[in-house]
Structure formats: C-alpha cells, structure tokens
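Q: For reference, this is start_21.pdb, and it has PDB, C-alpha atoms.
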ATOM      1  CA  MET A  65       9.190 -14.713  10.481  1.00  0.00           C
ATOM      2  CA  LYS A  66       9.778 -11.033   9.715  1.00  0.00           C
ATOM      3  CA  PRO A  67       8.613  -8.404  12.210  1.00  0.00           C
ATOM      4  CA  GLY A  68       5.160  -7.176  11.275  1.00  0.00           C
ATOM      5  CA  TYR A  69       4.516 -10.181   9.055  1.00  0.00           C
ATOM      6  CA  GLY A  70       0.812 -10.999   9.127  1.00  0.00           C
ATOM      7  CA  ARG A  71      -0.123  -7.877  11.058  1.00  0.00           C
ATOM      8  CA  PRO A  72      -2.558  -5.316   9.693  1.00  0.00           C
ATOM      9  CA  THR A  73      -0.920  -2.521   7.760  1.00  0.00           C
ATOM     10  CA  ARG A  74      -2.409   0.916   7.156  1.00  0.00           C
ATOM     11  CA  LEU A  75      -2.508   2.049   3.570  1.00  0.00           C
ATOM     12  CA  HIS A  76      -3.827   5.539   2.927  1.00  0.00           C
ATOM     13  CA  ARG A  77      -5.496   6.300  -0.375  1.00  0.00           C
ATOM     14  CA  ASN A  78      -3.033   9.138  -1.009  1.00  0.00           C
ATOM     15  CA  GLN A  79      -0.210   6.539  -1.097  1.00  0.00           C
ATOM     16  CA  ILE A  80      -1.743   4.888  -4.186  1.00  0.00           C
ATOM     17  CA  GLU A  81      -0.840   6.295  -7.586  1.00  0.00           C
ATOM     18  CA  ARG A  82      -2.386   5.499 -10.932  1.00  0.00           C
ATOM     19  CA  THR A  83       0.122   5.036 -13.728  1.00  0.00           C
ATOM     20  CA  PRO A  84      -0.293   4.092 -17.395  1.00  0.00           C
ATOM     21  CA  GLN A  85       0.762   0.549 -16.399  1.00  0.00           C
ATOM     22  CA  GLY A  86      -1.680   0.282 -13.456  1.00  0.00           C
ATOM     23  CA  HIS A  87      -1.312   1.232  -9.796  1.00  0.00           C
ATOM     24  CA  ARG A  88       1.750   1.770  -7.598  1.00  0.00           C
ATOM     25  CA  ILE A  89       2.043   2.255  -3.853  1.00  0.00           C
ATOM     26  CA  ARG A  90       4.428   4.973  -2.683  1.00  0.00           C
ATOM     27  CA  ILE A  91       5.765   4.595   0.860  1.00  0.00           C
ATOM     28  CA  ARG A  92       8.520   6.066   2.994  1.00  0.00           C
ATOM     29  CA  THR A  93      10.844   3.462   4.495  1.00  0.00           C
ATOM     30  CA  ASN A  94      11.249   3.403   8.275  1.00  0.00           C
ATOM     31  CA  LYS A  95      14.947   2.637   8.399  1.00  0.00           C
ATOM     32  CA  ARG A  96      16.438   5.066   5.888  1.00  0.00           C
ATOM     33  CA  LYS A  97      13.475   7.420   5.364  1.00  0.00           C
ATOM     34  CA  ARG A  98      13.632   6.957   1.596  1.00  0.00           C
ATOM     35  CA  THR A  99      10.711   6.821  -0.815  1.00  0.00           C
ATOM     36  CA  ALA A 100       9.951   3.422  -2.313  1.00  0.00           C
ATOM     37  CA  THR A 101       7.346   2.447  -4.890  1.00  0.00           C
ATOM     38  CA  ILE A 102       5.712  -0.953  -5.086  1.00  0.00           C
ATOM     39  CA  PRO A 103       3.736  -2.217  -8.097  1.00  0.00           C
ATOM     40  CA  VAL A 104       0.171  -3.314  -7.329  1.00  0.00           C
ATOM     41  CA  THR A 105      -1.001  -6.713  -8.532  1.00  0.00           C
ATOM     42  CA  PRO A 106      -4.209  -6.907 -10.585  1.00  0.00           C
ATOM     43  CA  ALA A 107      -5.953  -8.626  -7.639  1.00  0.00           C
ATOM     44  CA  MET A 108      -5.030  -5.831  -5.231  1.00  0.00           C
ATOM     45  CA  ALA A 109      -5.941  -3.184  -7.818  1.00  0.00           C
ATOM     46  CA  GLY A 110      -9.398  -4.764  -7.918  1.00  0.00           C
ATOM     47  CA  LEU A 111      -9.688  -4.463  -4.134  1.00  0.00           C
ATOM     48  CA  ILE A 112      -8.541  -0.843  -4.234  1.00  0.00           C
ATOM     49  CA  ASP A 113     -11.013  -0.004  -6.995  1.00  0.00           C
ATOM     50  CA  ALA A 114     -13.830  -1.781  -5.110  1.00  0.00           C
ATOM     51  CA  THR A 115     -13.162   0.239  -1.950  1.00  0.00           C
ATOM     52  CA  PRO A 116     -15.515   3.235  -1.758  1.00  0.00           C
ATOM     53  CA  ALA A 117     -13.788   6.489  -2.732  1.00  0.00           C
ATOM     54  CA  ASP A 118     -14.765   8.167   0.557  1.00  0.00           C
ATOM     55  CA  ARG A 119     -12.605   5.679   2.492  1.00  0.00           C
ATOM     56  CA  VAL A 120      -9.287   7.379   3.131  1.00  0.00           C
ATOM     57  CA  LEU A 121      -7.708   4.425   4.937  1.00  0.00           C
ATOM     58  CA  ILE A 122      -7.385   0.882   3.606  1.00  0.00           C
ATOM     59  CA  LEU A 123      -6.350  -1.841   6.063  1.00  0.00           C
ATOM     60  CA  ALA A 124      -4.490  -4.808   4.651  1.00  0.00           C
ATOM     61  CA  VAL A 125      -2.785  -7.855   6.093  1.00  0.00           C
ATOM     62  CA  ILE A 126       0.764  -8.354   4.852  1.00  0.00           C
ATOM     63  CA  ALA A 127       0.435 -12.168   4.735  1.00  0.00           C
ATOM     64  CA  GLY A 128      -2.723 -13.953   3.732  1.00  0.00           C
ATOM     65  CA  GLY A 129      -5.836 -12.355   2.337  1.00  0.00           C
ATOM     66  CA  PRO A 130      -7.237  -8.839   2.304  1.00  0.00           C
TER      67      PRO A 130
END
Please re-express this file's structure in structure tokens.
A:
Amino acid sequence: MKPGYGRPTRLHRNQIERTPQGHRIRIRTNKRKRTATIPVTPAMAGLIDATPADRVLILAVIAGGP
C-alpha cells in the first residue's frame, strides 16, 4: 500500500481549474516541487460543482468514496 493511500487529502478550490474539456487539478509535487495537472473525472466534477462555492477547502479520500 502506498503511503497516504486511503487517508484524507486536502484539496483547495484554487487548485481546481476549469478548461474547455472539463476540470483539472493543479498540484505541486512534494518530491521534486514541480507542478502537475490531473484531469478530473465526470463523477468528481459533479462533487466539486455540488460543493458550495463558499467552501474553500474540499476534503477527499484517495481510495474509496468521497
């Protein structure tokens, strides 16, 4: 099992970008301090859109459900 697998992860709303193709998450990697972008699935995009706009922080679990 990978370290952090199944643990809650903090996702800030300012890390989520809207693109013509949908949403992407922009993060900075811990090891090399590089920027990485991750495409958002339609299911996760629905969760993001359903989260009230005044919520700055979104908590997610890496494995399993939201």
Q: If the PyMOL selection byres ((chain A and resi 116-122) around 6) were run on this exact file, what residues would it hold? Put them as a list in words.
A: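 For this structure, the PyMOL selection byres ((chain A and resi 116-122) around 6) captures Leu75, His76, Arg77, Thr115 and Leu123 of chain A.
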Q: Provide the atom CA of A:Arg98 to atom CA of A:Ala114 distance in Å, to one decimal place.
A: 29.6 Å
Q: Quick one: residues within 10 Å of A:Gly86, only C-alpha atoms, excluding same-chain residues fewer than 4 positions away - as a ChimeraX atom specification?
A: /A:81-82,103-106,109
Q: Atom CA of A:His87 to atom CA of A:Ala100: how many Å, to one decimal?
A: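 Interatomic distance, atom CA of A:His87 to atom CA of A:Ala100: 13.7 Å.
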Q: To one decimal place, how far is atom CA of A:Asn78 from atom CA of A:Thr93 in Å?
A: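 If I compute the distance from atom CA of A:Asn78 to atom CA of A:Thr93, I get 16.0 Å.
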Q: Up to 7 Å from (7.6, 2.6, 0.6) in the file's coordinates: name the residues, counting only C-alpha atoms, as number ranges by chain.
A: A: 90-93, 99-102
Q: Determine the axis-aligned bounding box of all atoms of stretch 79-84 of chain A present in the file, pad each side by 8 Å, and express its centre and edge lengths in Å to one decimal place as JSON.
A:
{"center_x": -1.1, "center_y": 5.3, "center_z": -9.2, "size_x": 18.5, "size_y": 18.4, "size_z": 32.3}
